[in-house]
Amino acid sequence: MHTSDKKNIENVMSGASTEEKAREVVDWLSSSVEGQQYLSDMLDRDVFLLEQELDADLLPNANQSERIYRKIERNIFKTKILKISLRVAAIILPLILLTGITFYINQQVDLFGNSEFSEIYVPKGEKVRLHFHDGTEVFLNADSKIRYPKKFGLTKRKVYLEGEAYFNVASNKRRPFIVYTDKSFVSVLGTSFNVNAYQTDKEIKVVLDEGRVNFSSAGNTYTLKPGQKFIFDKITGEARVANLSRSTDESLWRDNYIRLQDTPMNEMLNLLDRQFDVRFRVIDTKASHYSFTLTTNDKPLDFVLDELEKIAPIKFTHENDTVFVKSVG
């Protein structure tokens, strides 16, 4: 705006201006040296006219005029400071809000990928139940280990398993839950499934109760449906799927059941070793040829061994901290 626009200023002073023009005049008077000088001259002119028309006794003296002028200057300065403050606030407040939101989100998830990992190992003869921050529930079987971040990532929820665990995964379509095992991983969105992946076993077994599971290894991906059991041979890379009549039987260990279903001797002894923390030694190779089918709940080791002796012609003998196995047939 320029001093040549005196018509606009006169319209503002007389109340005949538009709101937009009035805003332009106020901005010019308060934010430019030229405008402030114009305002000062206008005030001096008004005072002079008053001196001509009014009695001198009614006019402000020099000191009063100076105070009036200084007051006007202060008001103009305050207006400028307010305008600057509003502009700064328009920039700073969104930044503060964004920082607060970012801090809150990072409290809930690993937004920056630097969350620490926790590790839990379940000794032989014990079981553990976990609840993760996202609502996922995990049952860990004996002689199993799981590593997990204290806060899951923004796009993925990753855990690392050695052993056997049952997962009730909280559903989240935007953040898949991934269980990493030996050279493979299981990816889900929200489901219930059992993973058996002991490093000493040659096979990884995944049983799906609900939802959908993708098993991936060596660039290959297999999709499981509810009620299916997936078996992956870690040595040969062979994969096969079996349809189960009752998939939940595969995770009865959560309720302290021992379940054997045509289970070979060596696999059965490994299971009992983890369940009861006892060492077995087969002294007769013939005994290794038998398989066992048995389901029993919360029974001591001696009871289980007696039941196994009824199934096959074998004999278990305790010596110190070792149980010897031999054939009697």
# chains A, B, ... in the order shown; residues from 1 in each chain; ligands from 1
>>> residues_around(residues="segment 168-181 of chain A", least_positions_apart="4", cutoff="9 Å", atoms="only C-alpha atoms", output="PyMOL selection string")
chain A and resi 134-139+153-163+185-193+195+197-199+204
>>> residues_around(residues="Leu294 of chain A", least_positions_apart="4", cutoff="8 Å", atoms="only C-alpha atoms", output="PyMOL selection string")
chain A and resi 258-261+308
>>> atom_distance(atom1="atom CA of Ala287 of chain A", atom2="atom CA of Ser327 of chain A")
4.9 Å
>>> closest_residue(among="A:Glu20, A:Asp302, A:Asp284, A:Glu126", to="Phe324 of chain A", atoms="only C-alpha atoms")
A:Asp284
>>> atom_distance(atom1="atom CA of Leu140 of chain A", atom2="atom CA of Glu238 of chain A")
26.4 Å
>>> atom_distance(atom1="atom CA of Phe215 of chain A", atom2="atom CA of Lys183 of chain A")
11.1 Å
>>> residues_around(residues="Ser216 of chain A", least_positions_apart="2", cutoff="6 Å", atoms="only C-alpha atoms", output="PDB file with N, CA, C and O atoms, in the first residue's frame")
ATOM      1  N   SER A 184      13.284 -71.110   8.362  1.00  0.00           N
ATOM      2  CA  SER A 184      11.922 -71.004   7.851  1.00  0.00           C
ATOM      3  C   SER A 184      11.149 -70.026   8.724  1.00  0.00           C
ATOM      4  O   SER A 184      11.633 -69.589   9.771  1.00  0.00           O
ATOM      5  N   PHE A 185       9.947 -69.680   8.295  1.00  0.00           N
ATOM      6  CA  PHE A 185       9.107 -68.825   9.126  1.00  0.00           C
ATOM      7  C   PHE A 185       7.643 -69.071   8.806  1.00  0.00           C
ATOM      8  O   PHE A 185       7.284 -69.515   7.711  1.00  0.00           O
ATOM      9  N   ASN A 220      10.104 -71.097  -1.009  1.00  0.00           N
ATOM     10  CA  ASN A 220       8.803 -71.731  -1.243  1.00  0.00           C
ATOM     11  C   ASN A 220       7.832 -71.366  -0.122  1.00  0.00           C
ATOM     12  O   ASN A 220       8.217 -71.280   1.049  1.00  0.00           O
ATOM     13  N   THR A 221       6.568 -71.177  -0.488  1.00  0.00           N
ATOM     14  CA  THR A 221       5.537 -70.828   0.484  1.00  0.00           C
ATOM     15  C   THR A 221       4.367 -71.794   0.362  1.00  0.00           C
ATOM     16  O   THR A 221       3.913 -72.094  -0.749  1.00  0.00           O
TER      17      THR A 221
END
>>> residues_around(residues="Gly125 of chain A", least_positions_apart="3", cutoff="7 Å", atoms="only C-alpha atoms", output="list in words")
Ala142, Arg274, Gln275, Phe276 and Asp277 of chain A
